[in-house]
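Listing of data-v7.tsv; format and content: TSV, C-alpha atoms and all ligand atoms.
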```tsv
chain	number	residue	atom	x	y	z
F	295	MET	CA	191.48	225.79	48.60
F	296	MET	CA	188.18	224.71	50.01
F	297	THR	CA	185.09	225.11	47.91
F	298	LEU	CA	181.87	225.41	49.75
F	299	THR	CA	179.02	223.67	48.01
F	300	LYS	CA	175.64	224.36	49.38
F	301	GLU	CA	173.42	221.34	49.91
F	302	LYS	CA	170.62	221.41	47.41
F	303	ILE	CA	167.19	221.28	49.00
F	304	PHE	CA	164.59	219.40	47.02
F	305	VAL	CA	160.88	219.06	47.61
F	306	THR	CA	161.45	215.63	49.08
F	307	LYS	CA	164.23	213.33	50.21
F	308	SER	CA	163.79	209.60	50.61
F	309	PHE	CA	163.98	208.35	54.18
F	310	MET	CA	166.88	205.93	54.59
F	311	PRO	CA	166.69	203.42	57.46
F	312	PRO	CA	169.88	202.52	59.35
F	313	LEU	CA	171.95	200.42	56.96
F	314	ASN	CA	172.58	197.63	59.48
F	315	GLU	CA	168.83	197.21	60.04
F	316	TYR	CA	168.24	196.89	56.31
F	317	MET	CA	171.17	194.48	56.02
F	318	GLN	CA	169.68	192.18	58.64
F	319	TYR	CA	166.76	191.61	56.33
F	320	VAL	CA	169.02	191.25	53.31
F	321	GLU	CA	170.98	188.61	55.20
F	322	LYS	CA	167.77	186.64	55.69
F	323	ILE	CA	167.14	186.80	51.94
F	324	PHE	CA	170.65	185.56	51.20
F	325	ASN	CA	170.18	182.71	53.62
F	326	ASN	CA	166.86	181.39	52.41
F	327	VAL	CA	167.30	182.26	48.70
F	328	GLN	CA	163.68	183.04	47.99
F	329	LEU	CA	163.80	186.34	46.15
F	330	THR	CA	160.21	186.82	45.00
F	331	ASN	CA	156.86	185.11	44.33
F	332	GLY	CA	155.24	185.94	47.67
F	333	GLY	CA	158.27	185.32	49.88
F	334	PRO	CA	158.37	185.55	53.68
F	335	LEU	CA	159.38	189.22	53.83
F	336	VAL	CA	156.59	190.27	51.47
F	337	LYS	CA	154.14	188.43	53.75
F	338	GLU	CA	155.71	189.94	56.86
F	339	LEU	CA	155.45	193.44	55.40
F	340	GLU	CA	151.83	192.89	54.40
F	341	ASN	CA	150.98	191.76	57.93
F	342	LYS	CA	152.79	194.65	59.55
F	343	LEU	CA	151.07	197.13	57.23
F	344	ILE	CA	147.70	195.63	58.16
F	345	ASP	CA	148.56	196.25	61.83
F	346	TYR	CA	150.04	199.68	61.30
F	347	LEU	CA	147.25	201.03	59.10
F	348	LYS	CA	144.51	199.15	60.99
F	349	ILE	CA	143.06	197.68	57.80
F	350	ASN	CA	141.89	194.14	57.24
F	351	ASN	CA	143.79	193.21	54.09
F	352	ILE	CA	146.48	194.42	51.73
F	353	GLN	CA	148.20	193.17	48.58
F	354	TYR	CA	151.70	194.44	48.07
F	355	VAL	CA	152.42	194.98	44.35
F	356	THR	CA	155.20	196.39	42.16
F	357	ASN	CA	154.09	200.01	42.09
F	358	GLY	CA	151.18	202.37	42.57
F	359	THR	CA	150.36	202.53	38.86
F	360	ILE	CA	150.03	198.78	38.42
F	361	ALA	CA	147.94	198.83	41.64
F	362	LEU	CA	145.43	201.11	39.87
F	363	GLN	CA	145.43	198.96	36.73
F	364	LEU	CA	144.96	195.77	38.74
F	365	ALA	CA	142.11	197.45	40.63
F	366	LEU	CA	140.31	198.29	37.38
F	367	ARG	CA	140.80	194.74	36.09
F	368	ALA	CA	139.81	193.02	39.32
F	369	LEU	CA	136.56	195.00	39.33
F	370	ASP	CA	135.92	193.93	35.70
F	371	ILE	CA	136.04	197.45	34.34
F	372	GLU	CA	137.08	196.56	30.82
F	373	GLU	CA	135.43	199.26	28.77
F	374	GLY	CA	133.70	202.58	29.15
F	375	GLU	CA	134.30	205.71	31.14
F	376	VAL	CA	135.93	206.37	34.48
F	377	ILE	CA	135.18	209.60	36.29
F	378	THR	CA	138.33	211.05	37.79
F	379	THR	CA	140.12	214.19	38.88
F	380	PRO	CA	142.39	216.32	36.70
F	381	PHE	CA	144.35	217.45	39.75
F	382	THR	CA	146.69	214.56	40.55
F	383	TYR	CA	149.89	212.94	39.43
F	384	VAL	CA	149.69	211.79	35.81
F	385	ALA	CA	149.69	208.09	36.82
F	386	THR	CA	146.02	208.24	37.88
F	387	THR	CA	145.07	209.14	34.32
F	388	SER	CA	147.65	206.92	32.62
F	389	ALA	CA	146.37	203.84	34.46
F	390	ILE	CA	142.88	204.54	33.06
F	391	LEU	CA	144.16	205.19	29.54
F	392	TRP	CA	146.51	202.19	29.59
F	393	GLU	CA	143.48	200.01	30.34
F	394	LYS	CA	141.83	201.49	27.21
F	395	LEU	CA	139.22	203.28	29.29
F	396	LYS	CA	138.18	206.89	28.92
F	397	PRO	CA	138.95	209.32	31.75
F	398	VAL	CA	136.16	211.83	32.29
F	399	TYR	CA	137.32	214.77	34.34
F	400	VAL	CA	135.32	216.39	37.10
F	401	ASP	CA	136.59	219.64	38.56
F	402	ILE	CA	137.95	219.93	42.10
F	403	GLU	CA	137.07	221.72	45.31
F	404	PRO	CA	139.10	224.90	45.75
F	405	ASP	CA	139.70	224.31	49.49
F	406	ASN	CA	141.43	220.94	49.48
F	407	PHE	CA	141.83	220.10	45.77
F	408	THR	CA	139.85	216.83	45.84
F	409	ILE	CA	137.14	215.95	43.30
F	410	ASP	CA	133.94	218.00	43.72
F	411	PRO	CA	131.12	215.49	44.33
F	412	ASN	CA	128.51	218.07	43.32
F	413	LYS	CA	129.86	217.98	39.79
F	414	ILE	CA	130.03	214.20	39.38
F	415	GLU	CA	126.42	213.37	38.52
F	416	GLU	CA	126.28	215.64	35.48
F	417	LYS	CA	129.21	213.67	33.99
F	418	ILE	CA	127.64	210.22	34.41
F	419	THR	CA	126.55	208.57	31.15
F	420	SER	CA	125.41	205.08	30.20
F	421	LYS	CA	129.10	204.25	29.68
F	422	THR	CA	130.29	205.26	33.14
F	423	ARG	CA	131.65	202.32	35.08
F	424	ALA	CA	133.64	203.72	37.96
F	425	ILE	CA	134.78	206.75	39.91
F	426	MET	CA	138.49	207.13	40.59
F	427	PRO	CA	139.01	210.00	43.02
F	428	VAL	CA	142.35	210.88	44.66
F	429	HIS	CA	142.98	211.78	48.31
F	430	VAL	CA	145.37	214.36	46.97
F	431	PHE	CA	148.15	215.49	49.36
F	432	GLY	CA	146.63	213.21	52.01
F	433	TYR	CA	143.37	215.22	52.21
F	434	ALA	CA	140.17	213.20	52.34
F	435	CYS	CA	137.78	213.22	49.42
F	436	ASN	CA	134.13	213.68	50.30
F	437	ILE	CA	133.78	209.93	50.87
F	438	GLU	CA	130.12	209.91	51.94
F	439	ALA	CA	128.90	211.95	48.97
F	440	ILE	CA	130.93	209.90	46.50
F	441	GLN	CA	129.64	206.60	47.89
F	442	LYS	CA	126.07	207.84	47.69
F	443	ILE	CA	126.46	208.64	43.99
F	444	ALA	CA	128.21	205.32	43.33
F	445	ASP	CA	125.37	203.43	45.02
F	446	LYS	CA	122.72	205.35	43.13
F	447	TYR	CA	124.25	204.58	39.71
F	448	GLY	CA	125.83	201.21	40.46
F	449	LEU	CA	129.41	202.44	39.99
F	450	LYS	CA	132.61	201.11	41.51
F	451	VAL	CA	134.83	203.43	43.53
F	452	ILE	CA	138.60	203.10	43.33
F	453	TYR	CA	140.47	205.55	45.51
F	454	ASP	CA	143.94	206.47	44.40
F	455	ALA	CA	145.22	206.72	47.96
F	456	ALA	CA	148.88	207.11	46.92
F	457	HIS	CA	149.17	210.17	49.22
F	458	ALA	CA	146.98	208.90	52.03
F	459	PHE	CA	149.30	206.59	54.00
F	460	GLY	CA	148.90	207.49	57.68
F	461	SER	CA	145.97	209.91	57.20
F	462	LYS	CA	142.88	209.08	59.20
F	463	TYR	CA	139.32	210.09	58.46
F	464	LYS	CA	136.80	209.93	61.31
F	465	GLY	CA	139.20	207.65	63.14
F	466	LYS	CA	139.59	205.19	60.25
F	467	SER	CA	142.57	204.82	57.96
F	468	LEU	CA	142.01	206.91	54.85
F	469	VAL	CA	143.23	203.98	52.75
F	470	SER	CA	140.31	201.79	53.81
F	471	PHE	CA	137.48	203.27	51.72
F	472	GLY	CA	135.88	202.47	48.38
F	473	ASP	CA	135.73	199.12	46.61
F	474	ILE	CA	139.51	199.32	46.35
F	475	SER	CA	142.05	201.83	47.63
F	476	THR	CA	145.50	201.85	46.09
F	477	LEU	CA	148.80	203.02	47.55
F	478	SER	CA	152.19	203.92	46.14
F	479	PHE	CA	155.38	203.12	48.01
F	480	HIS	CA	157.62	204.92	45.54
F	481	ALA	CA	160.86	206.38	46.95
F	482	THR	CA	159.38	209.90	46.98
F	483	LYS	CA	156.34	208.91	49.00
F	484	LEU	CA	155.78	209.24	52.75
F	485	PHE	CA	156.36	205.52	53.33
F	486	HIS	CA	158.40	203.79	50.67
F	487	THR	CA	159.92	200.49	49.57
F	488	VAL	CA	162.03	202.12	46.78
F	489	GLU	CA	159.36	201.07	44.27
F	490	GLY	CA	156.11	199.51	45.35
F	491	GLY	CA	152.40	199.84	45.75
F	492	ALA	CA	149.40	198.12	47.26
F	493	CYS	CA	145.69	197.43	46.95
F	494	ILE	CA	143.28	197.35	49.87
F	495	ILE	CA	140.12	195.57	48.82
F	496	LYS	CA	136.64	195.44	50.28
F	497	ASP	CA	135.18	192.32	48.68
F	498	GLU	CA	136.55	188.83	49.35
F	499	ILE	CA	136.09	187.57	45.77
F	500	VAL	CA	137.67	190.67	44.26
F	501	LYS	CA	140.58	190.17	46.63
F	502	LYS	CA	141.18	186.64	45.32
F	503	GLU	CA	140.76	187.84	41.74
F	504	LEU	CA	143.35	190.58	42.17
F	505	ASP	CA	145.76	188.18	43.82
F	506	LEU	CA	145.49	185.90	40.80
F	507	LEU	CA	145.79	188.74	38.28
F	508	LYS	CA	149.01	189.99	39.80
F	509	ARG	CA	150.75	186.63	39.29
F	510	PHE	CA	149.96	185.83	35.66
F	511	GLY	CA	146.48	184.46	36.38
F	512	HIS	CA	147.55	180.97	37.31
F	513	ASN	CA	148.01	178.65	40.24
F	514	GLY	CA	150.68	176.15	39.34
F	515	ASP	CA	149.58	174.46	36.12
F	516	GLU	CA	146.03	175.69	36.37
F	517	HIS	CA	145.47	178.84	34.29
F	518	PHE	CA	142.36	180.82	35.18
F	519	CYS	CA	142.55	184.18	33.45
F	520	LEU	CA	144.78	186.67	31.71
F	521	GLY	CA	147.16	188.05	34.29
F	522	ILE	CA	150.19	190.25	34.53
F	523	ASN	CA	153.30	190.40	36.70
F	524	GLY	CA	152.52	192.68	39.63
F	525	LYS	CA	154.47	190.72	42.25
F	526	GLN	CA	156.86	192.47	44.56
F	527	SER	CA	160.32	191.24	45.58
F	528	GLU	CA	161.87	190.38	48.93
F	529	ILE	CA	164.51	193.08	48.46
F	530	HIS	CA	161.82	195.75	48.23
F	531	ALA	CA	159.92	194.31	51.18
F	532	ALA	CA	163.15	194.49	53.20
F	533	MET	CA	163.29	198.25	52.67
F	534	GLY	CA	159.68	198.62	53.81
F	535	LEU	CA	160.24	196.46	56.88
F	536	SER	CA	163.23	198.51	57.95
F	537	ILE	CA	161.41	201.84	57.46
F	538	LEU	CA	158.06	200.96	59.03
F	539	PRO	CA	159.32	201.12	62.66
F	540	TYR	CA	160.31	204.75	62.04
F	541	MET	CA	156.96	205.91	60.66
F	542	ASP	CA	155.65	207.49	63.87
F	543	GLU	CA	158.86	209.43	64.26
F	544	ILE	CA	158.78	210.46	60.58
F	545	LEU	CA	155.19	211.70	60.87
F	546	GLU	CA	156.02	213.64	64.04
F	547	LYS	CA	158.97	215.40	62.43
F	548	ARG	CA	156.96	216.26	59.34
F	549	LYS	CA	154.21	217.63	61.52
F	550	ARG	CA	156.63	219.93	63.34
F	551	ILE	CA	157.89	221.29	60.02
F	552	CYS	CA	154.34	221.86	58.76
F	553	VAL	CA	153.35	223.65	61.95
F	554	LEU	CA	156.27	226.04	61.48
F	555	TYR	CA	155.42	226.57	57.80
F	556	ASP	CA	151.81	227.31	58.80
F	557	GLU	CA	152.92	229.82	61.36
F	558	LEU	CA	155.28	231.66	59.01
F	559	LEU	CA	153.19	231.57	55.84
F	560	GLU	CA	149.68	232.03	57.14
F	561	ASN	CA	148.97	235.43	55.65
F	562	ILE	CA	151.43	235.27	52.78
F	563	VAL	CA	150.09	232.45	50.65
F	564	GLN	CA	146.84	230.53	50.47
F	565	LEU	CA	146.95	227.32	52.50
F	566	PRO	CA	144.54	224.37	52.21
F	567	LYS	CA	141.60	224.56	54.57
F	568	LYS	CA	141.76	222.31	57.63
F	569	GLN	CA	139.30	219.45	57.20
F	570	GLU	CA	136.93	218.34	59.92
F	571	GLY	CA	137.35	214.69	60.88
F	572	LEU	CA	140.76	214.42	59.20
F	573	GLU	CA	143.99	213.51	60.96
F	574	HIS	CA	146.41	214.58	58.27
F	575	ASN	CA	149.63	212.71	57.46
F	576	PHE	CA	151.69	215.78	56.44
F	577	ALA	CA	152.66	214.04	53.22
F	578	TYR	CA	153.01	217.31	51.29
F	579	TYR	CA	153.06	221.02	51.99
F	580	PRO	CA	151.13	222.68	49.17
F	581	VAL	CA	150.80	226.46	48.95
F	582	VAL	CA	148.78	228.48	46.45
F	583	PHE	CA	150.19	231.76	45.19
F	584	LYS	CA	148.16	234.70	43.95
F	585	SER	CA	149.26	234.18	40.37
F	586	GLU	CA	151.52	232.03	38.24
F	587	GLU	CA	153.79	235.02	37.89
F	588	GLU	CA	154.17	235.22	41.68
F	589	LEU	CA	154.90	231.49	41.83
F	590	LEU	CA	157.62	231.81	39.19
F	591	ARG	CA	159.14	234.78	41.03
F	592	VAL	CA	159.30	232.75	44.26
F	593	PHE	CA	160.83	229.78	42.42
F	594	GLU	CA	163.52	232.00	40.91
F	595	ALA	CA	164.41	233.49	44.30
F	596	LEU	CA	164.56	230.03	45.94
F	597	LYS	CA	166.68	228.70	43.10
F	598	GLN	CA	169.35	231.30	43.90
F	599	GLU	CA	169.69	229.50	47.24
F	600	GLU	CA	169.63	226.03	45.67
F	601	ILE	CA	166.13	225.36	46.99
F	602	TYR	CA	163.80	223.56	44.63
F	603	PRO	CA	160.08	223.31	45.39
F	604	ARG	CA	157.92	221.55	42.80
F	605	ARG	CA	154.93	222.48	40.74
F	606	TYR	CA	152.56	219.81	42.04
F	607	PHE	CA	150.33	219.30	40.10
F	608	TYR	CA	150.88	221.00	36.82
F	609	PRO	CA	149.40	220.94	34.26
F	610	SER	CA	145.81	220.09	35.04
F	611	LEU	CA	145.52	216.66	33.41
F	612	ASN	CA	142.50	217.54	31.24
F	613	LYS	CA	145.00	219.72	29.34
F	614	LEU	CA	147.42	216.91	28.46
F	615	SER	CA	148.31	216.77	24.77
F	616	TYR	CA	147.09	213.15	24.50
F	617	ILE	CA	143.70	213.86	26.06
F	618	PHE	CA	141.62	214.86	23.08
F	619	ASP	CA	138.33	216.04	24.45
F	620	GLY	CA	139.38	216.95	27.95
F	621	GLU	CA	136.46	218.85	29.40
F	622	SER	CA	137.17	222.23	30.88
F	623	CYS	CA	137.91	222.20	34.63
F	624	PRO	CA	138.37	225.86	35.46
F	625	ILE	CA	139.23	225.44	39.16
F	626	SER	CA	141.83	222.74	38.57
F	627	GLU	CA	143.30	224.68	35.65
F	628	ASP	CA	143.55	227.84	37.71
F	629	ILE	CA	144.97	226.21	40.84
F	630	SER	CA	147.46	224.04	38.98
F	631	LYS	CA	149.06	227.21	37.59
F	632	ARG	CA	149.50	228.72	41.04
F	633	ILE	CA	150.25	225.80	43.35
F	634	ALA	CA	153.56	224.37	44.52
F	635	CYS	CA	154.76	221.94	47.15
F	636	LEU	CA	157.48	223.23	49.45
F	637	PRO	CA	160.38	221.07	50.66
F	638	LEU	CA	159.20	218.65	53.32
F	639	HIS	CA	161.08	215.67	54.69
F	640	PRO	CA	162.05	214.52	58.16
F	641	THR	CA	165.69	215.63	57.88
F	642	LEU	CA	164.85	219.17	56.80
F	643	ASN	CA	165.99	221.51	59.56
F	644	MET	CA	163.98	224.34	61.02
F	645	GLU	CA	166.51	226.99	59.95
F	646	THR	CA	165.98	225.95	56.34
F	647	VAL	CA	162.21	226.19	56.78
F	648	GLU	CA	162.62	229.72	58.18
F	649	LYS	CA	164.91	230.63	55.31
F	650	ILE	CA	162.43	229.32	52.73
F	651	CYS	CA	159.62	231.34	54.30
F	652	LYS	CA	161.74	234.48	54.44
F	653	ILE	CA	162.55	234.16	50.73
F	654	ILE	CA	158.88	233.58	49.91
F	655	PHE	CA	157.88	236.57	52.00
F	656	GLY	CA	160.47	238.73	50.25
F	657	SER	CA	159.51	237.76	46.73
F	658	VAL	CA	155.75	237.81	47.28
F	659	ASN	CA	156.09	241.39	48.45
F	660	SER	CA	158.62	242.54	45.88
F	661	VAL	CA	156.08	243.72	43.31
F	662	PHE	CA	152.86	245.44	44.21
F	663	HIS	CA	149.99	245.03	41.84
F	664	VAL	CA	147.79	248.03	41.34
F	665	GLN	CA	144.45	246.96	40.00
G	1	LIG	C1	153.02	208.37	42.92
G	1	LIG	C2	151.63	208.34	42.49
G	1	LIG	C3	151.12	207.31	41.71
G	1	LIG	C4	151.98	206.27	41.06
G	1	LIG	O1	152.69	205.51	41.91
G	1	LIG	P1	153.99	204.71	41.42
G	1	LIG	O2	154.29	203.84	42.58
G	1	LIG	O3	155.05	205.73	41.17
G	1	LIG	O4	153.62	203.96	40.19
G	1	LIG	C5	149.76	207.28	41.44
G	1	LIG	N1	148.95	208.25	41.88
G	1	LIG	C6	149.40	209.29	42.61
G	1	LIG	C7	148.43	210.32	43.08
G	1	LIG	C8	150.76	209.38	42.92
G	1	LIG	O5	151.21	210.42	43.61
```
What does the file become when written as C-alpha cells?
Amino acid sequence: MMTLTKEKIFVTKSFMPPLNEYMQYVEKIFNNVQLTNGGPLVKELENKLIDYLKINNIQYVTNGTIALQLALRALDIEEGEVITTPFTYVATTSAILWEKLKPVYVDIEPDNFTIDPNKIEEKITSKTRAIMPVHVFGYACNIEAIQKIADKYGLKVIYDAAHAFGSKYKGKSLVSFGDISTLSFHATKLFHTVEGGACIIKDEIVKKELDLLKRFGHNGDEHFCLGINGKQSEIHAAMGLSILPYMDEILEKRKRICVLYDELLENIVQLPKKQEGLEHNFAYYPVVFKSEEELLRVFEALKQEEIYPRRYFYPSLNKLSYIFDGESCPISEDISKRIACLPLHPTLNMETVEKICKIIFGSVNSVFHVQ
C-alpha cells in the first residue's frame, strides 16, 4: 500500500547549489589542504561579495552574532548603553548583552517595523555609546535621521543588516551604511554559507582592528590585543561561492512569489508599506493580522495542511525574561503579537502560494467580530 505523505512547507528552505558545483570547490580544498585561517576560497568569496554587493570591503566571519560582537569591540564600545530595537531576532540583543553592555530599547515604526528615529533622542544618556538599528526584513531604517542623531551626540552606528543582503537604498547597497554593517549568512538567510556572517566597515583603522580581533589579536608571534576566533573556513566559503552565481535568479523567483502574495492578500491582512528609494530583496514576507487570536486561527488552519509560517518576531525583546528593566515599547509589543512571516523560498510553487492565501482568506473571515 502506498502512503501519501504531504511535503511539509516551512517558512524557509535553504537554497542548495548543484552538488557538482559545490564539489568542484571542495576538490580544490582537498588538493591544497588549507582548511581555514584566511584561505584562498575565503578571499575569493570576499572579493566576489564586494563585487556583487558593490561595497568597498568585507570581512567574512563565523556568524552574524559574532559579527555584531566584533563590531562593538572594534569600535571600542566596552561599557555603557546601546540603543537598539526590540523588534528583531534575539541575536541583536544577545550580542549587546554578551559584551556586557546594556540594550536600551526604542520603539519601532508601525509601517515597516524599523526603529523610530523620533524616539531615539529621549533615550540618550551620558552612558550611551552606540545605536544598533536593524534593517528588519530587508526594509531600510531611516538612515539619514539616525546618522544625524549619531553625529550630534558622537555615537557610533552599527547596522544589523542580517536581512539586508541584496536590498538597495537610493541606489546603494543597504549593507553599506553606518560605521559598521553586519550580515548573517546562516542557512535560513537569503544568501547563506551554512553558517557565516560578515562586517562591512567604514573606517580603515577599524577595519584593521576588526581583522586582528577575529584572529586572536595576533600576527604571528606578535600579540597586540585580546582577540577571539571569528575566522571562517574554506568549506563554508565553498558553499557561498557555489550559491552566489544563483543570487539574481533566487531574488527574481522570490519577487514573483511576493508579487502573487501581494495580489492575493492585499485587503485581507496588513502588509508593510512600500518604501520610497528602496529596492527590496524579498528576504521575508511578513503579514500583520488584526489580532493575535486571528493569527493563531490562521496558523491552526495552515497546520492542518502541513504549512508552517513563523511568528517573526515574537516576543518583543524588551519583554524577555532576562531583560530586567525593559522599557515599554507599545508598538513593537502590539505588532509582535500579530505578525508572522509566510513561507517564502525560491522552490515554493505558485499553487502552494495560492493555497496558503486561500486558507488565510478562509480563516480570517471565519469569525466576525461585532464591536
Ligand atoms: C540571523 C540573525 C542574526 C544572527 O545571525 P547568525 O549568523 O545566526 O549568528 C542577527 N540578527 C538578525 C536580525 C538575524 O536575523
Against ligand LIG 1 (chain G), which residues of chain F fall within 7 Å? For each one I want the closest pair of atoms and the distance in Å (one decimal), counting all atoms listed in the file, rows by chain and increasing residue number, as a tab-separated table.
```
residue	atom	partner	partner_atom	distance
F:Asn357	CA	G:LIG1	O2	3.9
F:Gly358	CA	G:LIG1	O2	3.4
F:Thr359	CA	G:LIG1	O4	3.8
F:Ile360	CA	G:LIG1	O4	6.5
F:Thr382	CA	G:LIG1	C7	5.2
F:Tyr383	CA	G:LIG1	C7	4.7
F:Ala385	CA	G:LIG1	C5	4.7
F:Thr386	CA	G:LIG1	N1	5.0
F:Val428	CA	G:LIG1	C7	6.3
F:Val430	CA	G:LIG1	C7	6.4
F:Asp454	CA	G:LIG1	N1	5.9
F:Ala455	CA	G:LIG1	C7	6.9
F:Ala456	CA	G:LIG1	C6	4.9
F:His457	CA	G:LIG1	O5	6.0
F:Ser478	CA	G:LIG1	O2	4.1
F:Phe479	CA	G:LIG1	O2	5.6
F:His480	CA	G:LIG1	O2	4.6
F:Lys483	CA	G:LIG1	C1	6.9
F:Glu489	CA	G:LIG1	O2	6.0
F:Gly490	CA	G:LIG1	O2	5.5
F:Gly491	CA	G:LIG1	O2	5.4
```
Completion exercise
Of F:Asn350, F:Leu364, F:Ile537, F:Asn331, the one nearest to F:Gly514 when counting all atoms listed in the file is F:Asn331
Practice task
Excluding F:Phe576 and residues on its chain fewer than 4 positions from it, collect all residues at most 8 Å away from it, counting all atoms listed in the file, and give them as a ChimeraX atom specification.
Solution key: /F:431-432,545,548-549,552
Select all residues near (152.8, 190.0, 42.6) (cut-off 7 Å, inclusive, file coordinates), counting all atoms listed in the file, and output them as a PDB file with C-alpha atoms, in the coordinates of the input.
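The resulting file, selection35.pdb, is shown below:
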```pdb
ATOM      1  CA  ASN F 331     156.860 185.110  44.330  1.00  0.00           C
ATOM      2  CA  GLY F 332     155.240 185.940  47.670  1.00  0.00           C
ATOM      3  CA  VAL F 355     152.420 194.980  44.350  1.00  0.00           C
ATOM      4  CA  THR F 356     155.200 196.390  42.160  1.00  0.00           C
ATOM      5  CA  LYS F 508     149.010 189.990  39.800  1.00  0.00           C
ATOM      6  CA  ARG F 509     150.750 186.630  39.290  1.00  0.00           C
ATOM      7  CA  ASN F 523     153.300 190.400  36.700  1.00  0.00           C
ATOM      8  CA  GLY F 524     152.520 192.680  39.630  1.00  0.00           C
ATOM      9  CA  LYS F 525     154.470 190.720  42.250  1.00  0.00           C
ATOM     10  CA  GLN F 526     156.860 192.470  44.560  1.00  0.00           C
TER      11      GLN F 526
END
```
Completion exercise
Atom pair atom CA of F:Asp473 + atom CA of F:Pro427, distance 11.9 Å
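Residue nearest F:Asp542 within the list F:Gly460, F:Gly620, F:Lys584, F:Glu321: F:Gly460 [criterion: smallest interatomic distance, only C-alpha atoms].
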Taking only N, CA, C and O atoms, show stretch 433-444 of chain F of the given structure as a PDB file, in the first residue's frame.
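Generated file (out-v9.pdb):
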```pdb
ATOM      1  N   TYR F 433      13.938  45.886   5.041  1.00  0.00           N
ATOM      2  CA  TYR F 433      13.470  47.267   4.896  1.00  0.00           C
ATOM      3  C   TYR F 433      14.514  48.215   5.460  1.00  0.00           C
ATOM      4  O   TYR F 433      15.163  47.899   6.459  1.00  0.00           O
ATOM      5  N   ALA F 434      14.637  49.375   4.832  1.00  0.00           N
ATOM      6  CA  ALA F 434      15.682  50.312   5.254  1.00  0.00           C
ATOM      7  C   ALA F 434      15.247  51.097   6.479  1.00  0.00           C
ATOM      8  O   ALA F 434      14.135  51.626   6.529  1.00  0.00           O
ATOM      9  N   CYS F 435      16.135  51.184   7.461  1.00  0.00           N
ATOM     10  CA  CYS F 435      15.930  52.107   8.569  1.00  0.00           C
ATOM     11  C   CYS F 435      15.986  53.521   8.018  1.00  0.00           C
ATOM     12  O   CYS F 435      16.448  53.742   6.900  1.00  0.00           O
ATOM     13  N   ASN F 436      15.551  54.474   8.806  1.00  0.00           N
ATOM     14  CA  ASN F 436      15.671  55.879   8.411  1.00  0.00           C
ATOM     15  C   ASN F 436      17.133  56.319   8.619  1.00  0.00           C
ATOM     16  O   ASN F 436      17.505  56.922   9.625  1.00  0.00           O
ATOM     17  N   ILE F 437      17.954  55.971   7.624  1.00  0.00           N
ATOM     18  CA  ILE F 437      19.406  56.116   7.718  1.00  0.00           C
ATOM     19  C   ILE F 437      19.837  57.564   7.959  1.00  0.00           C
ATOM     20  O   ILE F 437      20.693  57.840   8.805  1.00  0.00           O
ATOM     21  N   GLU F 438      19.222  58.491   7.236  1.00  0.00           N
ATOM     22  CA  GLU F 438      19.623  59.906   7.350  1.00  0.00           C
ATOM     23  C   GLU F 438      19.345  60.425   8.755  1.00  0.00           C
ATOM     24  O   GLU F 438      20.214  61.059   9.376  1.00  0.00           O
ATOM     25  N   ALA F 439      18.154  60.155   9.268  1.00  0.00           N
ATOM     26  CA  ALA F 439      17.788  60.654  10.599  1.00  0.00           C
ATOM     27  C   ALA F 439      18.673  60.039  11.677  1.00  0.00           C
ATOM     28  O   ALA F 439      19.099  60.727  12.614  1.00  0.00           O
ATOM     29  N   ILE F 440      18.963  58.767  11.535  1.00  0.00           N
ATOM     30  CA  ILE F 440      19.796  58.085  12.542  1.00  0.00           C
ATOM     31  C   ILE F 440      21.215  58.656  12.549  1.00  0.00           C
ATOM     32  O   ILE F 440      21.804  58.918  13.592  1.00  0.00           O
ATOM     33  N   GLN F 441      21.758  58.882  11.344  1.00  0.00           N
ATOM     34  CA  GLN F 441      23.118  59.424  11.247  1.00  0.00           C
ATOM     35  C   GLN F 441      23.208  60.825  11.855  1.00  0.00           C
ATOM     36  O   GLN F 441      24.192  61.166  12.520  1.00  0.00           O
ATOM     37  N   LYS F 442      22.149  61.597  11.635  1.00  0.00           N
ATOM     38  CA  LYS F 442      22.115  62.959  12.175  1.00  0.00           C
ATOM     39  C   LYS F 442      22.192  62.937  13.698  1.00  0.00           C
ATOM     40  O   LYS F 442      22.955  63.687  14.309  1.00  0.00           O
ATOM     41  N   ILE F 443      21.433  62.043  14.307  1.00  0.00           N
ATOM     42  CA  ILE F 443      21.442  61.917  15.772  1.00  0.00           C
ATOM     43  C   ILE F 443      22.818  61.431  16.233  1.00  0.00           C
ATOM     44  O   ILE F 443      23.392  61.957  17.194  1.00  0.00           O
ATOM     45  N   ALA F 444      23.363  60.446  15.545  1.00  0.00           N
ATOM     46  CA  ALA F 444      24.674  59.894  15.916  1.00  0.00           C
ATOM     47  C   ALA F 444      25.735  60.990  15.869  1.00  0.00           C
ATOM     48  O   ALA F 444      26.572  61.103  16.769  1.00  0.00           O
TER      49      ALA F 444
END
```
